[in-house]
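Here's query38.pdb, which has PDB, C-alpha atoms:
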ATOM      1  CA  MET A  58      18.694  30.442 -25.318  1.00  0.00           C
ATOM      2  CA  ASN A  59      18.596  29.193 -21.708  1.00  0.00           C
ATOM      3  CA  GLU A  60      14.978  30.297 -21.543  1.00  0.00           C
ATOM      4  CA  GLY A  61      14.019  27.708 -24.189  1.00  0.00           C
ATOM      5  CA  ARG A  62      15.695  24.918 -22.206  1.00  0.00           C
ATOM      6  CA  THR A  63      13.999  26.036 -19.009  1.00  0.00           C
ATOM      7  CA  THR A  64      10.620  26.076 -20.762  1.00  0.00           C
ATOM      8  CA  ALA A  65      11.209  22.588 -22.183  1.00  0.00           C
ATOM      9  CA  ARG A  66      12.302  21.332 -18.762  1.00  0.00           C
ATOM     10  CA  TRP A  67       9.206  22.841 -17.159  1.00  0.00           C
ATOM     11  CA  ARG A  68       6.992  21.271 -19.783  1.00  0.00           C
ATOM     12  CA  SER A  69       8.449  17.813 -19.239  1.00  0.00           C
ATOM     13  CA  ALA A  70       8.154  18.216 -15.439  1.00  0.00           C
ATOM     14  CA  ASP A  71       4.530  19.277 -15.870  1.00  0.00           C
ATOM     15  CA  ILE A  72       3.854  16.261 -18.085  1.00  0.00           C
ATOM     16  CA  VAL A  73       5.442  13.885 -15.562  1.00  0.00           C
ATOM     17  CA  ALA A  74       3.380  15.481 -12.780  1.00  0.00           C
ATOM     18  CA  ALA A  75       0.172  15.166 -14.791  1.00  0.00           C
ATOM     19  CA  LEU A  76       0.933  11.523 -15.585  1.00  0.00           C
ATOM     20  CA  ALA A  77       1.632  10.826 -11.898  1.00  0.00           C
ATOM     21  CA  ARG A  78      -1.648  12.542 -10.975  1.00  0.00           C
ATOM     22  CA  TRP A  79      -3.538  10.468 -13.556  1.00  0.00           C
ATOM     23  CA  VAL A  80      -1.955   7.217 -12.343  1.00  0.00           C
ATOM     24  CA  LEU A  81      -2.811   8.095  -8.736  1.00  0.00           C
ATOM     25  CA  GLY A  82      -6.350   9.068  -9.743  1.00  0.00           C
ATOM     26  CA  GLY A  83      -6.856   5.957 -11.851  1.00  0.00           C
ATOM     27  CA  LEU A  84      -5.545   3.750  -9.069  1.00  0.00           C
ATOM     28  CA  PHE A  85      -7.980   5.264  -6.566  1.00  0.00           C
ATOM     29  CA  VAL A  86     -10.909   4.939  -8.979  1.00  0.00           C
ATOM     30  CA  TYR A  87     -10.026   1.292  -9.543  1.00  0.00           C
ATOM     31  CA  MET A  88      -9.448   0.510  -5.855  1.00  0.00           C
ATOM     32  CA  GLY A  89     -12.588   2.363  -4.782  1.00  0.00           C
ATOM     33  CA  LEU A  90     -14.817   0.669  -7.338  1.00  0.00           C
ATOM     34  CA  SER A  91     -13.390  -2.792  -6.644  1.00  0.00           C
ATOM     35  CA  LYS A  92     -14.344  -2.328  -2.971  1.00  0.00           C
ATOM     36  CA  ALA A  93     -17.677  -0.642  -3.706  1.00  0.00           C
ATOM     37  CA  LEU A  94     -18.808  -3.493  -5.941  1.00  0.00           C
ATOM     38  CA  HIS A  95     -18.098  -6.036  -3.183  1.00  0.00           C
ATOM     39  CA  PRO A  96     -19.136  -4.258   0.044  1.00  0.00           C
ATOM     40  CA  GLU A  97     -19.553  -7.405   2.154  1.00  0.00           C
ATOM     41  CA  GLU A  98     -15.988  -8.544   1.461  1.00  0.00           C
ATOM     42  CA  PHE A  99     -14.670  -5.071   2.228  1.00  0.00           C
ATOM     43  CA  LEU A 100     -16.686  -4.980   5.463  1.00  0.00           C
ATOM     44  CA  LYS A 101     -15.064  -8.248   6.576  1.00  0.00           C
ATOM     45  CA  LEU A 102     -11.609  -6.820   5.843  1.00  0.00           C
ATOM     46  CA  VAL A 103     -12.336  -3.590   7.753  1.00  0.00           C
ATOM     47  CA  ARG A 104     -13.540  -5.674  10.688  1.00  0.00           C
ATOM     48  CA  GLN A 105     -10.202  -7.561  10.782  1.00  0.00           C
ATOM     49  CA  TYR A 106      -8.333  -4.379  11.751  1.00  0.00           C
ATOM     50  CA  GLU A 107     -10.378  -4.192  14.986  1.00  0.00           C
ATOM     51  CA  MET A 108     -10.321  -0.411  15.090  1.00  0.00           C
ATOM     52  CA  VAL A 109     -14.113   0.025  15.099  1.00  0.00           C
ATOM     53  CA  SER A 110     -16.543  -2.310  16.830  1.00  0.00           C
ATOM     54  CA  HIS A 111     -19.908  -0.601  16.442  1.00  0.00           C
ATOM     55  CA  PRO A 112     -21.862  -2.245  13.593  1.00  0.00           C
ATOM     56  CA  TRP A 113     -23.385   1.011  12.325  1.00  0.00           C
ATOM     57  CA  LEU A 114     -19.960   2.655  12.087  1.00  0.00           C
ATOM     58  CA  LEU A 115     -18.439  -0.417  10.411  1.00  0.00           C
ATOM     59  CA  ASN A 116     -21.223  -0.460   7.821  1.00  0.00           C
ATOM     60  CA  SER A 117     -20.843   3.276   7.253  1.00  0.00           C
ATOM     61  CA  ILE A 118     -17.111   2.955   6.641  1.00  0.00           C
ATOM     62  CA  ALA A 119     -17.538  -0.024   4.326  1.00  0.00           C
ATOM     63  CA  GLY A 120     -20.325   1.724   2.414  1.00  0.00           C
ATOM     64  CA  ALA A 121     -18.892   5.231   2.084  1.00  0.00           C
ATOM     65  CA  LEU A 122     -15.103   4.893   1.954  1.00  0.00           C
ATOM     66  CA  PRO A 123     -14.902   3.089  -1.417  1.00  0.00           C
ATOM     67  CA  TRP A 124     -17.116   5.679  -3.108  1.00  0.00           C
ATOM     68  CA  PHE A 125     -15.126   8.500  -1.526  1.00  0.00           C
ATOM     69  CA  GLU A 126     -11.892   6.939  -2.862  1.00  0.00           C
ATOM     70  CA  ALA A 127     -13.403   6.642  -6.348  1.00  0.00           C
ATOM     71  CA  PHE A 128     -14.620  10.267  -6.177  1.00  0.00           C
ATOM     72  CA  CYS A 129     -11.147  11.474  -5.136  1.00  0.00           C
ATOM     73  CA  GLY A 130      -9.680   9.515  -8.033  1.00  0.00           C
ATOM     74  CA  LEU A 131     -12.102  11.146 -10.469  1.00  0.00           C
ATOM     75  CA  LEU A 132     -11.183  14.600  -9.174  1.00  0.00           C
ATOM     76  CA  LEU A 133      -7.490  13.848  -9.730  1.00  0.00           C
ATOM     77  CA  LEU A 134      -8.147  12.498 -13.216  1.00  0.00           C
ATOM     78  CA  GLY A 135     -10.097  15.645 -14.054  1.00  0.00           C
ATOM     79  CA  GLY A 136      -7.546  17.968 -12.482  1.00  0.00           C
ATOM     80  CA  VAL A 137     -10.136  19.587 -10.215  1.00  0.00           C
ATOM     81  CA  ALA A 138      -9.387  20.471  -6.581  1.00  0.00           C
ATOM     82  CA  VAL A 139      -6.051  18.670  -6.883  1.00  0.00           C
ATOM     83  CA  ARG A 140      -4.511  20.093  -3.701  1.00  0.00           C
ATOM     84  CA  GLY A 141      -7.515  19.328  -1.477  1.00  0.00           C
ATOM     85  CA  THR A 142      -7.957  15.891  -2.985  1.00  0.00           C
ATOM     86  CA  ALA A 143      -4.282  15.111  -2.428  1.00  0.00           C
ATOM     87  CA  VAL A 144      -4.622  16.192   1.215  1.00  0.00           C
ATOM     88  CA  MET A 145      -7.549  13.790   1.623  1.00  0.00           C
ATOM     89  CA  LEU A 146      -5.520  10.975   0.059  1.00  0.00           C
ATOM     90  CA  VAL A 147      -2.665  11.599   2.495  1.00  0.00           C
ATOM     91  CA  VAL A 148      -5.177  11.637   5.368  1.00  0.00           C
ATOM     92  CA  MET A 149      -6.481   8.247   4.202  1.00  0.00           C
ATOM     93  CA  LEU A 150      -3.163   6.652   3.205  1.00  0.00           C
ATOM     94  CA  VAL A 151      -1.038   7.422   6.274  1.00  0.00           C
ATOM     95  CA  PRO A 152      -3.319   5.834   8.911  1.00  0.00           C
ATOM     96  CA  PHE A 153      -4.133   2.922   6.594  1.00  0.00           C
ATOM     97  CA  THR A 154      -0.419   2.271   6.030  1.00  0.00           C
ATOM     98  CA  LEU A 155       0.213   2.348   9.783  1.00  0.00           C
ATOM     99  CA  LEU A 156      -2.670  -0.090  10.369  1.00  0.00           C
ATOM    100  CA  VAL A 157      -1.289  -2.448   7.720  1.00  0.00           C
ATOM    101  CA  LEU A 158       2.161  -2.220   9.312  1.00  0.00           C
ATOM    102  CA  LYS A 159       0.722  -2.956  12.774  1.00  0.00           C
ATOM    103  CA  ARG A 160      -1.252  -5.955  11.504  1.00  0.00           C
ATOM    104  CA  ALA A 161       1.738  -7.288   9.538  1.00  0.00           C
ATOM    105  CA  LEU A 162       3.981  -7.039  12.593  1.00  0.00           C
ATOM    106  CA  ALA A 163       1.380  -8.926  14.651  1.00  0.00           C
ATOM    107  CA  ILE A 164       1.102 -11.684  12.036  1.00  0.00           C
ATOM    108  CA  ALA A 165       4.893 -11.943  11.659  1.00  0.00           C
ATOM    109  CA  GLY A 166       5.295 -12.220  15.418  1.00  0.00           C
ATOM    110  CA  ALA A 167       2.482 -14.752  15.847  1.00  0.00           C
ATOM    111  CA  LYS A 168       3.573 -17.019  12.997  1.00  0.00           C
ATOM    112  CA  GLY A 169       7.316 -16.488  13.360  1.00  0.00           C
ATOM    113  CA  LEU A 170       7.635 -15.378   9.722  1.00  0.00           C
ATOM    114  CA  PRO A 171      10.182 -12.946   8.331  1.00  0.00           C
ATOM    115  CA  PHE A 172       8.391  -9.624   7.886  1.00  0.00           C
ATOM    116  CA  CYS A 173       8.618  -9.513   4.077  1.00  0.00           C
ATOM    117  CA  LEU A 174       7.043 -12.974   3.787  1.00  0.00           C
ATOM    118  CA  VAL A 175       3.860 -11.825   5.503  1.00  0.00           C
ATOM    119  CA  LYS A 176       1.020 -11.882   2.979  1.00  0.00           C
ATOM    120  CA  PHE A 177      -2.630 -10.976   3.522  1.00  0.00           C
ATOM    121  CA  ASP A 178      -5.525  -9.086   1.981  1.00  0.00           C
ATOM    122  CA  CYS A 179      -5.076  -5.609   3.395  1.00  0.00           C
ATOM    123  CA  GLY A 180      -8.366  -4.265   2.035  1.00  0.00           C
ATOM    124  CA  CYS A 181      -6.852  -2.097  -0.676  1.00  0.00           C
ATOM    125  CA  GLY A 182      -8.742  -3.839  -3.465  1.00  0.00           C
ATOM    126  CA  ALA A 183      -5.774  -5.750  -4.895  1.00  0.00           C
ATOM    127  CA  GLY A 184      -6.374  -9.021  -3.041  1.00  0.00           C
ATOM    128  CA  GLU A 185      -3.690 -10.813  -1.056  1.00  0.00           C
ATOM    129  CA  VAL A 186      -0.355  -8.977  -1.243  1.00  0.00           C
ATOM    130  CA  PHE A 187       3.118  -9.244   0.248  1.00  0.00           C
ATOM    131  CA  ILE A 188       3.212  -6.539   2.877  1.00  0.00           C
ATOM    132  CA  CYS A 189       6.697  -5.219   2.089  1.00  0.00           C
ATOM    133  CA  ASN A 190       5.503  -4.505  -1.452  1.00  0.00           C
ATOM    134  CA  LYS A 191       2.296  -2.890  -0.154  1.00  0.00           C
ATOM    135  CA  LEU A 192       4.161  -0.657   2.299  1.00  0.00           C
ATOM    136  CA  LEU A 193       6.536   0.423  -0.469  1.00  0.00           C
ATOM    137  CA  GLU A 194       3.605   1.109  -2.810  1.00  0.00           C
ATOM    138  CA  ASN A 195       1.777   3.130  -0.155  1.00  0.00           C
ATOM    139  CA  SER A 196       4.932   5.124   0.593  1.00  0.00           C
ATOM    140  CA  LEU A 197       5.200   6.003  -3.093  1.00  0.00           C
ATOM    141  CA  LEU A 198       1.514   6.983  -3.218  1.00  0.00           C
ATOM    142  CA  ILE A 199       1.964   9.165  -0.128  1.00  0.00           C
ATOM    143  CA  PHE A 200       5.002  10.811  -1.743  1.00  0.00           C
ATOM    144  CA  VAL A 201       3.074  11.588  -4.952  1.00  0.00           C
ATOM    145  CA  ALA A 202       0.099  12.923  -2.971  1.00  0.00           C
ATOM    146  CA  CYS A 203       2.414  15.129  -0.867  1.00  0.00           C
ATOM    147  CA  ALA A 204       4.070  16.423  -4.038  1.00  0.00           C
ATOM    148  CA  LEU A 205       0.623  17.354  -5.376  1.00  0.00           C
ATOM    149  CA  VAL A 206      -0.195  19.136  -2.112  1.00  0.00           C
ATOM    150  CA  ALA A 207       3.060  21.090  -2.501  1.00  0.00           C
ATOM    151  CA  GLY A 208       1.984  22.308  -5.946  1.00  0.00           C
ATOM    152  CA  TRP A 209       3.635  19.805  -8.265  1.00  0.00           C
ATOM    153  CA  GLY A 210       1.811  19.735 -11.602  1.00  0.00           C
ATOM    154  CA  ARG A 211      -0.236  22.853 -11.033  1.00  0.00           C
ATOM    155  CA  ARG A 212       0.009  24.002 -14.663  1.00  0.00           C
ATOM    156  CA  LEU A 213      -1.806  21.059 -16.234  1.00  0.00           C
ATOM    157  CA  ALA A 214      -4.716  20.990 -13.790  1.00  0.00           C
ATOM    158  CA  LEU A 215      -8.099  22.468 -14.615  1.00  0.00           C
ATOM    159  CA  ARG A 216      -8.540  23.889 -11.131  1.00  0.00           C
ATOM    160  CA  PHE A 217      -5.650  23.112  -8.793  1.00  0.00           C
ATOM    161  CA  SER A 218      -7.113  24.690  -5.671  1.00  0.00           C
ATOM    162  CA  LEU A 219     -10.744  25.557  -5.053  1.00  0.00           C
ATOM    163  CA  LEU A 220      -9.948  28.329  -2.576  1.00  0.00           C
ATOM    164  CA  ARG A 221      -7.584  30.388  -4.692  1.00  0.00           C
ATOM    165  CA  THR A 222      -9.471  32.567  -7.135  1.00  0.00           C
ATOM    166  CA  PRO A 223      -7.965  34.958  -9.650  1.00  0.00           C
ATOM    167  CA  VAL A 224      -8.070  38.546  -8.438  1.00  0.00           C
ATOM    168  CA  GLN A 225      -9.908  40.894 -10.737  1.00  0.00           C
ATOM    169  CA  VAL A 226      -8.636  44.430 -10.626  1.00  0.00           C
ATOM    170  CA  LEU A 227     -11.165  47.155 -11.276  1.00  0.00           C
ATOM    171  CA  ARG A 228      -9.694  50.071 -13.172  1.00  0.00           C
ATOM    172  CA  PRO A 229     -11.134  53.127 -14.859  1.00  0.00           C
ATOM    173  CA  GLU A 230     -12.465  52.668 -18.369  1.00  0.00           C
ATOM    174  CA  GLY A 231      -9.771  52.751 -21.017  1.00  0.00           C
ATOM    175  CA  GLN A 232      -6.858  52.095 -18.650  1.00  0.00           C
ATOM    176  CA  SER A 233      -4.721  49.070 -19.572  1.00  0.00           C
ATOM    177  CA  PRO A 234      -3.429  46.588 -17.003  1.00  0.00           C
ATOM    178  CA  THR A 235       0.052  46.997 -15.522  1.00  0.00           C
ATOM    179  CA  PRO A 236       2.686  44.348 -16.390  1.00  0.00           C
ATOM    180  CA  THR A 237       2.194  42.588 -13.022  1.00  0.00           C
ATOM    181  CA  GLU A 238      -1.596  42.559 -13.416  1.00  0.00           C
ATOM    182  CA  SER A 239      -1.459  41.037 -16.896  1.00  0.00           C
ATOM    183  CA  ARG A 240       0.485  37.964 -15.715  1.00  0.00           C
ATOM    184  CA  SER A 241      -1.570  34.864 -15.128  1.00  0.00           C
ATOM    185  CA  PRO A 242      -1.823  33.603 -11.530  1.00  0.00           C
ATOM    186  CA  ALA A 243       0.503  30.756 -10.527  1.00  0.00           C
TER     187      ALA A 243
END

Re-express the file's structure as structure tokens.
Amino acid sequence: MNEGRTTARWRSADIVAALARWVLGGLFVYMGLSKALHPEEFLKLVRQYEMVSHPWLLNSIAGALPWFEAFCGLLLLGGVAVRGTAVMLVVMLVPFTLLVLKRALAIAGAKGLPFCLVKFDCGCGAGEVFICNKLLENSLLIFVACALVAGWGRRLALRFSLLRTPVQVLRPEGQSPTPTESRSPA
């Protein structure tokens, strides 16, 4: 009787995880394509962070990053390489969030504004945003990506990890698998 409740609880947790993965994937497809379709505007926004000064590198970032974001979003939507994709999202989101925080603090200090009233186009593809909202949104996205890295929602993914392959056991002809061999991999 408890087993039925546990199964139902696992199913609902898996559904919530899949929905979170799809929202994260859809958001990255949207944000990536909105930047990719307007590369000059995105280049100007990347330049405002003053982290790269070489023109070739700036152009490379502005040209490749949006398509990489869209590709990561498509992988999440399809449930392929979920763990690796989530790692890449964390690697992109954490430094970007810190850069946004640094720029917002500089603007708040220069203009004498309260921090949560600072508003600018951070380059995320959503236009001008209040920075407190953006930092909260990015924190939530980082949390969801970290949960995916930890294995959340593994059951409803087509291929959660590219490196883990099912082990095939060779046995003599006619011999049936043992109970542990017949279980599906986690």

I would like the residues chosen by the PyMOL selection byres ((chain A and resi 91) around 12) on the shown file; could you give them as a PDB file with C-alpha atoms, keeping the file's coordinate frame?
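Below you can see part01.pdb, which holds the result:
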ATOM      1  CA  LEU A  84      -5.545   3.750  -9.069  1.00  0.00           C
ATOM      2  CA  PHE A  85      -7.980   5.264  -6.566  1.00  0.00           C
ATOM      3  CA  VAL A  86     -10.909   4.939  -8.979  1.00  0.00           C
ATOM      4  CA  TYR A  87     -10.026   1.292  -9.543  1.00  0.00           C
ATOM      5  CA  MET A  88      -9.448   0.510  -5.855  1.00  0.00           C
ATOM      6  CA  GLY A  89     -12.588   2.363  -4.782  1.00  0.00           C
ATOM      7  CA  LEU A  90     -14.817   0.669  -7.338  1.00  0.00           C
ATOM      8  CA  LYS A  92     -14.344  -2.328  -2.971  1.00  0.00           C
ATOM      9  CA  ALA A  93     -17.677  -0.642  -3.706  1.00  0.00           C
ATOM     10  CA  LEU A  94     -18.808  -3.493  -5.941  1.00  0.00           C
ATOM     11  CA  HIS A  95     -18.098  -6.036  -3.183  1.00  0.00           C
ATOM     12  CA  PRO A  96     -19.136  -4.258   0.044  1.00  0.00           C
ATOM     13  CA  GLU A  97     -19.553  -7.405   2.154  1.00  0.00           C
ATOM     14  CA  GLU A  98     -15.988  -8.544   1.461  1.00  0.00           C
ATOM     15  CA  PHE A  99     -14.670  -5.071   2.228  1.00  0.00           C
ATOM     16  CA  LEU A 122     -15.103   4.893   1.954  1.00  0.00           C
ATOM     17  CA  PRO A 123     -14.902   3.089  -1.417  1.00  0.00           C
ATOM     18  CA  TRP A 124     -17.116   5.679  -3.108  1.00  0.00           C
ATOM     19  CA  GLU A 126     -11.892   6.939  -2.862  1.00  0.00           C
ATOM     20  CA  ALA A 127     -13.403   6.642  -6.348  1.00  0.00           C
ATOM     21  CA  GLY A 180      -8.366  -4.265   2.035  1.00  0.00           C
ATOM     22  CA  CYS A 181      -6.852  -2.097  -0.676  1.00  0.00           C
ATOM     23  CA  GLY A 182      -8.742  -3.839  -3.465  1.00  0.00           C
ATOM     24  CA  ALA A 183      -5.774  -5.750  -4.895  1.00  0.00           C
ATOM     25  CA  GLY A 184      -6.374  -9.021  -3.041  1.00  0.00           C
TER      26      GLY A 184
END

| task | Fewer than 6 positions away in the same chain doesn't count, so skip those; otherwise give me all residues within 10 Å of region 160-177 of chain A, counting all atoms listed in the file, as a PyMOL selection string. | result | chain A and resi 105-107+154+184-191

| query | Can you list, as a ChimeraX atom specification, every protein, DNA or RNA residue that comes within 8 Å of Ala214 (chain A) when you count all atoms listed in the file, leaving out same-chain residues fewer than 4 positions away? | reply | /A:75,135-137,139,210

| query | In Å, how far is it from CA of Phe200 (chain A) to CA of Ala138 (chain A)? | reply | 18.0 Å

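For the pair CA of Met108 (chain A) and CA of Leu81 (chain A), the interatomic distance is 26.4 Å.
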
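Taking CA of Leu198 (chain A) and CA of Ala74 (chain A) as the two end points, the separation is 12.9 Å.
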
| message | Calculated over all atoms listed in the file, which of the candidates A:Leu155, A:Leu192, A:Ala119, A:Leu205 has the smallest distance to Gly82 (chain A)? | response | A:Leu205

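Considering all atoms listed in the file, the residue among A:Pro152, A:Gly208, A:Gly83, A:Pro112 positioned nearest to Phe128 (chain A) is A:Gly83.
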
Contacts of Val151 (chain A) at 9 Å (all atoms listed in the file; same-chain gap of 6+ positions) as an mmCIF file with C-alpha atoms, in the frame of the given file:
data_model
loop_
_atom_site.group_PDB
_atom_site.id
_atom_site.type_symbol
_atom_site.label_atom_id
_atom_site.label_comp_id
_atom_site.auth_asym_id
_atom_site.auth_seq_id
_atom_site.Cartn_x
_atom_site.Cartn_y
_atom_site.Cartn_z
ATOM 1 C CA ASN A 195 1.777 3.130 -0.155
ATOM 2 C CA SER A 196 4.932 5.124 0.593
ATOM 3 C CA ILE A 199 1.964 9.165 -0.128
#
